[in-house]
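Next comes start17.pdb, with PDB, C-alpha atoms and all ligand atoms.
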ATOM      1  CA  MET A   1      53.839 190.002 228.777
ATOM      2  CA  GLU A   2      50.785 189.098 226.740
ATOM      3  CA  GLU A   3      52.107 191.091 223.777
ATOM      4  CA  LYS A   4      55.383 189.200 223.958
ATOM      5  CA  ASN A   5      53.529 185.854 223.890
ATOM      6  CA  ILE A   6      51.564 186.928 220.829
ATOM      7  CA  GLU A   7      54.799 187.916 219.134
ATOM      8  CA  ILE A   8      56.356 184.515 219.871
ATOM      9  CA  ILE A   9      53.270 182.653 218.671
ATOM     10  CA  THR A  10      53.101 184.752 215.503
ATOM     11  CA  ARG A  11      56.739 183.979 214.733
ATOM     12  CA  MET A  12      56.169 180.234 215.305
ATOM     13  CA  VAL A  13      53.145 180.240 212.985
ATOM     14  CA  LEU A  14      55.075 182.152 210.301
ATOM     15  CA  GLN A  15      57.977 179.681 210.553
ATOM     16  CA  SER A  16      55.691 176.668 210.237
ATOM     17  CA  LEU A  17      53.966 178.250 207.231
ATOM     18  CA  GLN A  18      57.321 178.963 205.631
ATOM     19  CA  SER A  19      58.592 175.414 206.073
ATOM     20  CA  SER A  20      55.395 173.858 204.702
ATOM     21  CA  GLU A  21      55.648 176.268 201.739
ATOM     22  CA  GLU A  22      59.228 175.076 201.197
ATOM     23  CA  LYS A  23      58.100 171.450 201.420
ATOM     24  CA  LYS A  24      55.451 172.145 198.794
ATOM     25  CA  ASN A  25      58.060 173.660 196.488
ATOM     26  CA  GLY A  26      60.552 170.814 196.873
ATOM     27  CA  PHE A  27      64.347 170.972 196.794
ATOM     28  CA  LEU A  28      65.996 172.653 193.804
ATOM     29  CA  VAL A  29      68.819 170.896 191.936
ATOM     30  CA  PRO A  30      70.874 172.179 188.974
ATOM     31  CA  VAL A  31      71.077 169.829 185.975
ATOM     32  CA  GLY A  32      74.205 168.603 184.187
ATOM     33  CA  VAL A  33      73.588 166.988 180.808
ATOM     34  CA  SER A  34      76.027 164.110 180.146
ATOM     35  CA  ALA A  35      76.968 163.487 176.541
ATOM     36  CA  ARG A  36      78.108 159.995 175.511
ATOM     37  CA  HIS A  37      81.515 159.178 176.984
ATOM     38  CA  VAL A  38      84.007 156.429 177.764
ATOM     39  CA  HIS A  39      85.859 155.456 180.955
ATOM     40  CA  LEU A  40      89.052 153.408 180.413
ATOM     41  CA  THR A  41      91.550 151.348 182.381
ATOM     42  CA  GLN A  42      95.210 152.393 182.022
ATOM     43  CA  GLU A  43      95.812 149.142 180.091
ATOM     44  CA  HIS A  44      93.084 150.101 177.613
ATOM     45  CA  VAL A  45      94.392 153.703 177.340
ATOM     46  CA  GLU A  46      97.711 152.212 176.222
ATOM     47  CA  GLU A  47      96.045 149.810 173.772
ATOM     48  CA  LEU A  48      94.185 152.716 172.144
ATOM     49  CA  PHE A  49      96.751 155.552 172.389
ATOM     50  CA  GLY A  50     100.124 153.774 172.656
ATOM     51  CA  LYS A  51     102.464 152.293 175.254
ATOM     52  CA  GLY A  52     102.922 154.457 178.374
ATOM     53  CA  TYR A  53     100.302 156.972 177.230
ATOM     54  CA  GLN A  54      98.617 159.126 179.905
ATOM     55  CA  LEU A  55      95.250 160.847 179.493
ATOM     56  CA  THR A  56      95.487 164.647 179.328
ATOM     57  CA  LYS A  57      93.067 167.022 181.081
ATOM     58  CA  LYS A  58      90.722 169.249 179.088
ATOM     59  CA  LYS A  59      88.218 170.249 181.790
ATOM     60  CA  GLU A  60      87.766 169.491 185.508
ATOM     61  CA  LEU A  61      84.536 167.744 186.529
ATOM     62  CA  MET A  62      83.180 167.050 190.001
ATOM     63  CA  GLY A  63      84.632 164.455 192.365
ATOM     64  CA  GLY A  64      88.152 164.627 190.888
ATOM     65  CA  GLN A  65      87.011 163.501 187.454
ATOM     66  CA  PHE A  66      87.961 165.281 184.237
ATOM     67  CA  ALA A  67      87.045 165.416 180.573
ATOM     68  CA  ALA A  68      90.151 164.312 178.672
ATOM     69  CA  ASN A  69      91.356 165.741 175.379
ATOM     70  CA  GLU A  70      91.395 162.181 174.017
ATOM     71  CA  MET A  71      88.523 160.861 171.924
ATOM     72  CA  VAL A  72      87.692 157.437 170.504
ATOM     73  CA  THR A  73      85.301 155.801 168.065
ATOM     74  CA  ILE A  74      82.800 153.274 169.409
ATOM     75  CA  VAL A  75      81.562 150.444 167.193
ATOM     76  CA  GLY A  76      78.574 148.124 167.648
ATOM     77  CA  LEU A  77      78.306 144.517 166.496
ATOM     78  CA  LYS A  78      76.703 145.567 163.193
ATOM     79  CA  LEU A  79      79.794 147.711 162.520
ATOM     80  CA  ARG A  80      77.855 150.891 162.961
ATOM     81  CA  ALA A  81      80.049 153.496 164.601
ATOM     82  CA  ILE A  82      79.957 156.800 166.453
ATOM     83  CA  GLU A  83      83.094 158.943 166.185
ATOM     84  CA  ASN A  84      84.602 161.552 168.525
ATOM     85  CA  VAL A  85      83.401 160.063 171.806
ATOM     86  CA  ARG A  86      85.044 161.857 174.758
ATOM     87  CA  VAL A  87      87.178 159.894 177.247
ATOM     88  CA  LEU A  88      86.735 160.819 180.938
ATOM     89  CA  GLY A  89      89.584 160.484 183.436
ATOM     90  CA  PRO A  90      91.141 159.448 185.659
ATOM     91  CA  VAL A  91      91.522 155.812 184.552
ATOM     92  CA  ARG A  92      89.274 153.270 186.278
ATOM     93  CA  LYS A  93      89.427 149.601 187.295
ATOM     94  CA  ALA A  94      87.037 148.674 184.455
ATOM     95  CA  SER A  95      86.350 150.265 181.088
ATOM     96  CA  GLN A  96      82.825 151.466 180.468
ATOM     97  CA  VAL A  97      80.947 153.166 177.622
ATOM     98  CA  GLU A  98      77.954 155.394 178.488
ATOM     99  CA  ILE A  99      75.592 156.197 175.620
ATOM    100  CA  SER A 100      72.051 157.473 175.144
ATOM    101  CA  ALA A 101      69.156 155.242 174.065
ATOM    102  CA  THR A 102      69.282 156.974 170.659
ATOM    103  CA  ASP A 103      72.992 156.066 170.366
ATOM    104  CA  ALA A 104      72.082 152.439 171.131
ATOM    105  CA  VAL A 105      69.624 152.443 168.222
ATOM    106  CA  LYS A 106      72.251 154.079 165.992
ATOM    107  CA  LEU A 107      74.820 151.424 166.962
ATOM    108  CA  GLY A 108      72.321 148.568 166.687
ATOM    109  CA  ILE A 109      72.980 147.358 170.242
ATOM    110  CA  LYS A 110      70.851 146.731 173.328
ATOM    111  CA  ALA A 111      72.431 148.691 176.160
ATOM    112  CA  PRO A 112      70.740 148.272 179.555
ATOM    113  CA  ILE A 113      69.970 151.170 181.910
ATOM    114  CA  ARG A 114      72.514 150.862 184.711
ATOM    115  CA  GLU A 115      74.186 152.788 187.470
ATOM    116  CA  SER A 116      77.747 153.760 186.508
ATOM    117  CA  GLY A 117      80.148 150.950 187.449
ATOM    118  CA  ASN A 118      77.542 148.192 187.241
ATOM    119  CA  VAL A 119      78.471 146.695 183.880
ATOM    120  CA  ALA A 120      78.023 142.928 184.478
ATOM    121  CA  GLY A 121      76.023 141.491 181.591
ATOM    122  CA  SER A 122      75.800 144.847 179.763
ATOM    123  CA  ALA A 123      76.190 145.271 175.998
ATOM    124  CA  PRO A 124      79.375 144.344 174.092
ATOM    125  CA  ILE A 125      81.132 147.144 172.198
ATOM    126  CA  ALA A 126      84.379 147.853 170.352
ATOM    127  CA  ILE A 127      86.501 150.949 170.966
ATOM    128  CA  VAL A 128      88.898 152.316 168.359
ATOM    129  CA  GLY A 129      91.715 154.777 169.090
ATOM    130  CA  PRO A 130      94.557 156.272 167.008
ATOM    131  CA  LYS A 131      96.988 153.443 167.899
ATOM    132  CA  GLY A 132      94.744 150.411 168.296
ATOM    133  CA  ALA A 133      91.364 148.904 169.005
ATOM    134  CA  LEU A 134      89.808 146.745 171.695
ATOM    135  CA  TYR A 135      86.654 144.749 172.197
ATOM    136  CA  LEU A 136      84.656 144.735 175.423
ATOM    137  CA  ASN A 137      82.476 141.655 175.999
ATOM    138  CA  GLU A 138      80.404 143.864 178.298
ATOM    139  CA  GLY A 139      80.602 147.503 179.382
ATOM    140  CA  CYS A 140      78.168 149.532 177.303
ATOM    141  CA  ILE A 141      75.290 151.037 179.306
ATOM    142  CA  VAL A 142      72.700 153.799 179.268
ATOM    143  CA  ALA A 143      73.362 155.613 182.567
ATOM    144  CA  GLN A 144      70.566 155.620 185.129
ATOM    145  CA  ARG A 145      69.630 159.223 185.911
ATOM    146  CA  HIS A 146      70.900 160.288 189.299
ATOM    147  CA  ILE A 147      71.560 163.231 191.621
ATOM    148  CA  HIS A 148      74.987 163.850 193.141
ATOM    149  CA  MET A 149      74.979 165.640 196.476
ATOM    150  CA  SER A 150      77.035 166.280 199.601
ATOM    151  CA  PRO A 151      75.873 164.943 203.006
ATOM    152  CA  ALA A 152      74.794 168.529 203.910
ATOM    153  CA  ASP A 153      72.633 168.781 200.755
ATOM    154  CA  ALA A 154      71.108 165.372 201.529
ATOM    155  CA  MET A 155      70.179 166.567 205.010
ATOM    156  CA  ALA A 156      68.646 169.778 203.635
ATOM    157  CA  ALA A 157      66.689 167.837 201.002
ATOM    158  CA  GLY A 158      65.602 165.153 203.492
ATOM    159  CA  VAL A 159      66.948 162.276 201.379
ATOM    160  CA  SER A 160      69.636 159.616 201.817
ATOM    161  CA  ASP A 161      72.202 157.793 199.702
ATOM    162  CA  GLY A 162      70.630 155.193 197.407
ATOM    163  CA  GLN A 163      67.101 156.605 197.764
ATOM    164  CA  ILE A 164      64.952 156.739 194.623
ATOM    165  CA  VAL A 165      63.088 160.028 194.135
ATOM    166  CA  SER A 166      60.926 161.803 191.563
ATOM    167  CA  VAL A 167      62.065 165.060 190.035
ATOM    168  CA  LYS A 168      59.976 167.712 188.300
ATOM    169  CA  ALA A 169      61.091 170.043 185.522
ATOM    170  CA  ASP A 170      58.664 172.947 185.652
ATOM    171  CA  ASN A 171      59.321 174.481 182.236
ATOM    172  CA  GLU A 172      57.177 174.917 179.121
ATOM    173  CA  ARG A 173      57.309 171.199 178.306
ATOM    174  CA  GLY A 174      56.821 170.076 181.906
ATOM    175  CA  THR A 175      58.339 166.684 182.752
ATOM    176  CA  VAL A 176      58.434 164.425 185.798
ATOM    177  CA  PHE A 177      61.385 162.035 186.039
ATOM    178  CA  ASN A 178      60.761 158.976 188.221
ATOM    179  CA  HIS A 179      63.396 156.434 189.356
ATOM    180  CA  VAL A 180      66.085 159.048 190.031
ATOM    181  CA  LYS A 181      68.815 157.669 192.298
ATOM    182  CA  ILE A 182      70.322 159.816 195.060
ATOM    183  CA  ARG A 183      74.113 159.489 195.365
ATOM    184  CA  VAL A 184      75.724 161.097 198.414
ATOM    185  CA  ASP A 185      79.470 161.662 198.816
ATOM    186  CA  ASP A 186      81.728 164.313 200.374
ATOM    187  CA  SER A 187      83.351 164.904 196.976
ATOM    188  CA  PHE A 188      80.043 165.593 195.178
ATOM    189  CA  THR A 189      78.578 168.974 194.325
ATOM    190  CA  LEU A 190      74.825 169.206 193.895
ATOM    191  CA  GLU A 191      73.865 168.189 190.345
ATOM    192  CA  MET A 192      71.354 165.942 188.583
ATOM    193  CA  HIS A 193      72.866 163.985 185.693
ATOM    194  CA  ILE A 194      70.671 163.133 182.728
ATOM    195  CA  ASP A 195      71.707 162.098 179.231
ATOM    196  CA  THR A 196      71.154 163.993 175.993
ATOM    197  CA  ASP A 197      67.961 162.055 175.141
ATOM    198  CA  GLU A 198      66.380 162.928 178.478
ATOM    199  CA  ALA A 199      67.522 166.559 178.240
ATOM    200  CA  ASN A 200      66.249 167.018 174.694
ATOM    201  CA  ALA A 201      62.899 165.356 175.408
ATOM    202  CA  ALA A 202      62.332 167.559 178.470
ATOM    203  CA  GLN A 203      63.977 170.656 176.905
ATOM    204  CA  ILE A 204      66.420 171.065 179.761
ATOM    205  CA  LYS A 205      69.914 172.520 179.410
ATOM    206  CA  THR A 206      72.932 172.256 181.706
ATOM    207  CA  GLY A 207      72.622 174.773 184.558
ATOM    208  CA  GLU A 208      68.838 174.872 184.592
ATOM    209  CA  THR A 209      67.144 173.648 187.746
ATOM    210  CA  VAL A 210      64.666 170.894 188.549
ATOM    211  CA  MET A 211      63.159 170.046 191.911
ATOM    212  CA  ILE A 212      62.971 166.906 194.003
ATOM    213  CA  MET A 213      59.276 166.268 194.597
ATOM    214  CA  PRO A 214      58.296 165.834 198.237
ATOM    215  CA  SER A 215      57.548 162.161 198.948
TER     216      SER A 215
HETATM  217 ZN    ZN A 301      76.877 161.525 187.526
END

Would you mind writing the file's structure down as structure tokens?
Amino acid sequence: MEEKNIEIITRMVLQSLQSSEEKKNGFLVPVGVSARHVHLTQEHVEELFGKGYQLTKKKELMGGQFAANEMVTIVGLKLRAIENVRVLGPVRKASQVEISATDAVKLGIKAPIRESGNVAGSAPIAIVGPKGALYLNEGCIVAQRHIHMSPADAMAAGVSDGQIVSVKADNERGTVFNHVKIRVDDSFTLEMHIDTDEANAAQIKTGETVMIMPS
């Protein structure tokens, strides 16, 4: 009887040690590096690629999104351009251009850091396709870094939708990212999205892991 109690207590102590060890280590998240890209409305697809044109799929992404075969040129107000910018599908309700801070310097524009979809008052930009061009009064942003996860992942990580966390990359360079937004949805697979500037500065490649720091 006594022996059995000791066994139970030992197991409880081991479990509590294990969970505090896990808490110390944080929750691991694979990284996906997002290159500059464009989201378009169907109307804008047709302005750039021709009447009745439909985007074609090159590669599936999470949440039903895809990288399209189609590419465009983006042009800032000083007529500085970046060519071969990938279009992502499916079409959206509003067109949006996501660039890095370095791209913004290259284009000579001031693009604010925003969550995808929040384009009110963002930078103006022109988009040029093979069949036409269009001008957006607003719509060019630098994407706010964020982590996609399922409700089950959120529960395991102890975070909730909309929460802001800090994330640590424990590699040779060693970087802590603050102001990382948690985005929870059934269609999401676990991945932290950073842009090419952030990835290069921290020397992180797609598929490598970072960890959510315990708060
Ligand atoms: Zn994302």

Go ahead and compute the interatomic distance for atom CA of A:His44 and atom CA of A:Phe66, in Å to one decimal.
17.3 Å

Show which residues sit within 8 Å of stretch 115-121 of chain A, as a PyMOL selection string. Count only C-alpha atoms, and ignore same-chain residues fewer than 6 positions away.
chain A and resi 94+96+138-141+143-144

Nearby residues, ligand ZN 301 (chain A), 12 Å, all atoms listed in the file, as a ChimeraX atom specification
/A:31-35,37,61-63,65,88,98,114-117,143-149,180-185,187-195

Given the selection you just returned, output its residues as a file containing C-alpha atoms, formatted as a PDB file, keeping the file's coordinate frame.
ATOM      1  CA  VAL A  31      71.077 169.829 185.975  1.00  0.00           C
ATOM      2  CA  GLY A  32      74.205 168.603 184.187  1.00  0.00           C
ATOM      3  CA  VAL A  33      73.588 166.988 180.808  1.00  0.00           C
ATOM      4  CA  SER A  34      76.027 164.110 180.146  1.00  0.00           C
ATOM      5  CA  ALA A  35      76.968 163.487 176.541  1.00  0.00           C
ATOM      6  CA  HIS A  37      81.515 159.178 176.984  1.00  0.00           C
ATOM      7  CA  LEU A  61      84.536 167.744 186.529  1.00  0.00           C
ATOM      8  CA  MET A  62      83.180 167.050 190.001  1.00  0.00           C
ATOM      9  CA  GLY A  63      84.632 164.455 192.365  1.00  0.00           C
ATOM     10  CA  GLN A  65      87.011 163.501 187.454  1.00  0.00           C
ATOM     11  CA  LEU A  88      86.735 160.819 180.938  1.00  0.00           C
ATOM     12  CA  GLU A  98      77.954 155.394 178.488  1.00  0.00           C
ATOM     13  CA  ARG A 114      72.514 150.862 184.711  1.00  0.00           C
ATOM     14  CA  GLU A 115      74.186 152.788 187.470  1.00  0.00           C
ATOM     15  CA  SER A 116      77.747 153.760 186.508  1.00  0.00           C
ATOM     16  CA  GLY A 117      80.148 150.950 187.449  1.00  0.00           C
ATOM     17  CA  ALA A 143      73.362 155.613 182.567  1.00  0.00           C
ATOM     18  CA  GLN A 144      70.566 155.620 185.129  1.00  0.00           C
ATOM     19  CA  ARG A 145      69.630 159.223 185.911  1.00  0.00           C
ATOM     20  CA  HIS A 146      70.900 160.288 189.299  1.00  0.00           C
ATOM     21  CA  ILE A 147      71.560 163.231 191.621  1.00  0.00           C
ATOM     22  CA  HIS A 148      74.987 163.850 193.141  1.00  0.00           C
ATOM     23  CA  MET A 149      74.979 165.640 196.476  1.00  0.00           C
ATOM     24  CA  VAL A 180      66.085 159.048 190.031  1.00  0.00           C
ATOM     25  CA  LYS A 181      68.815 157.669 192.298  1.00  0.00           C
ATOM     26  CA  ILE A 182      70.322 159.816 195.060  1.00  0.00           C
ATOM     27  CA  ARG A 183      74.113 159.489 195.365  1.00  0.00           C
ATOM     28  CA  VAL A 184      75.724 161.097 198.414  1.00  0.00           C
ATOM     29  CA  ASP A 185      79.470 161.662 198.816  1.00  0.00           C
ATOM     30  CA  SER A 187      83.351 164.904 196.976  1.00  0.00           C
ATOM     31  CA  PHE A 188      80.043 165.593 195.178  1.00  0.00           C
ATOM     32  CA  THR A 189      78.578 168.974 194.325  1.00  0.00           C
ATOM     33  CA  LEU A 190      74.825 169.206 193.895  1.00  0.00           C
ATOM     34  CA  GLU A 191      73.865 168.189 190.345  1.00  0.00           C
ATOM     35  CA  MET A 192      71.354 165.942 188.583  1.00  0.00           C
ATOM     36  CA  HIS A 193      72.866 163.985 185.693  1.00  0.00           C
ATOM     37  CA  ILE A 194      70.671 163.133 182.728  1.00  0.00           C
ATOM     38  CA  ASP A 195      71.707 162.098 179.231  1.00  0.00           C
TER      39      ASP A 195
END

Take atom CA of A:Asn200 and atom CA of A:Ala101 and report the distance between them in Å, one decimal.
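Taking atom CA of A:Asn200 and atom CA of A:Ala101, their separation equals 12.1 Å.
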
Proximity to A:Ala81 - best of A:Leu107, A:Val159, A:Ile164, A:Ala68, all atoms listed in the file:
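Residue with the minimum atom-to-atom distance to A:Ala81: A:Leu107.
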
Let me know the residues the PyMOL selection byres (((chain A and resi 178) around 9) and not hetatm) catches in the file above, as a PDB file with C-alpha atoms, in the coordinates of the input.
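Generated file (expr31.pdb):
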ATOM      1  CA  ILE A 164      64.952 156.739 194.623  1.00  0.00           C
ATOM      2  CA  VAL A 165      63.088 160.028 194.135  1.00  0.00           C
ATOM      3  CA  SER A 166      60.926 161.803 191.563  1.00  0.00           C
ATOM      4  CA  VAL A 167      62.065 165.060 190.035  1.00  0.00           C
ATOM      5  CA  LYS A 168      59.976 167.712 188.300  1.00  0.00           C
ATOM      6  CA  VAL A 176      58.434 164.425 185.798  1.00  0.00           C
ATOM      7  CA  PHE A 177      61.385 162.035 186.039  1.00  0.00           C
ATOM      8  CA  HIS A 179      63.396 156.434 189.356  1.00  0.00           C
ATOM      9  CA  VAL A 180      66.085 159.048 190.031  1.00  0.00           C
TER      10      VAL A 180
END

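Going from atom CA of A:Ala156 to atom CA of A:Asp186 covers 14.5 Å.
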
Any idea what's packed within 9 Å of A:Leu77, counting all atoms listed in the file, ignoring anything in its chain fewer than 2 positions away? Could you give it as a ChimeraX atom specification?
/A:75,79-80,107-109,124-126

Check what the PyMOL selection byres (((chain A and resi 87) around 7) and not hetatm) selects in the file above and give those residues as a PyMOL selection string.
chain A and resi 37-39+67-68+70-71+85-86+88-89

Let me see the file: selected residues, C-alpha atoms, as an mmCIF file, keeping the file's coordinate frame.
data_model
loop_
_atom_site.group_PDB
_atom_site.id
_atom_site.type_symbol
_atom_site.label_atom_id
_atom_site.label_comp_id
_atom_site.auth_asym_id
_atom_site.auth_seq_id
_atom_site.Cartn_x
_atom_site.Cartn_y
_atom_site.Cartn_z
ATOM 1 C CA HIS A 37 81.515 159.178 176.984
ATOM 2 C CA VAL A 38 84.007 156.429 177.764
ATOM 3 C CA HIS A 39 85.859 155.456 180.955
ATOM 4 C CA ALA A 67 87.045 165.416 180.573
ATOM 5 C CA ALA A 68 90.151 164.312 178.672
ATOM 6 C CA GLU A 70 91.395 162.181 174.017
ATOM 7 C CA MET A 71 88.523 160.861 171.924
ATOM 8 C CA VAL A 85 83.401 160.063 171.806
ATOM 9 C CA ARG A 86 85.044 161.857 174.758
ATOM 10 C CA LEU A 88 86.735 160.819 180.938
ATOM 11 C CA GLY A 89 89.584 160.484 183.436
#

Which residues would end up in the selection if the PyMOL selection byres (((chain A and resi 45-52) around 12) and not hetatm) were applied here, given that I need the answer as a ChimeraX atom specification?
/A:38-44,53-56,68-74,87-95,126-135

Could you please give me, as a VMD selection string, the residues of protein, DNA or RNA lying at most 6 Å from (72.5, 173.3, 185.3) in the coordinate frame of the file, considering all atoms listed in the file?
chain A and resid 30 to 32 206 to 209
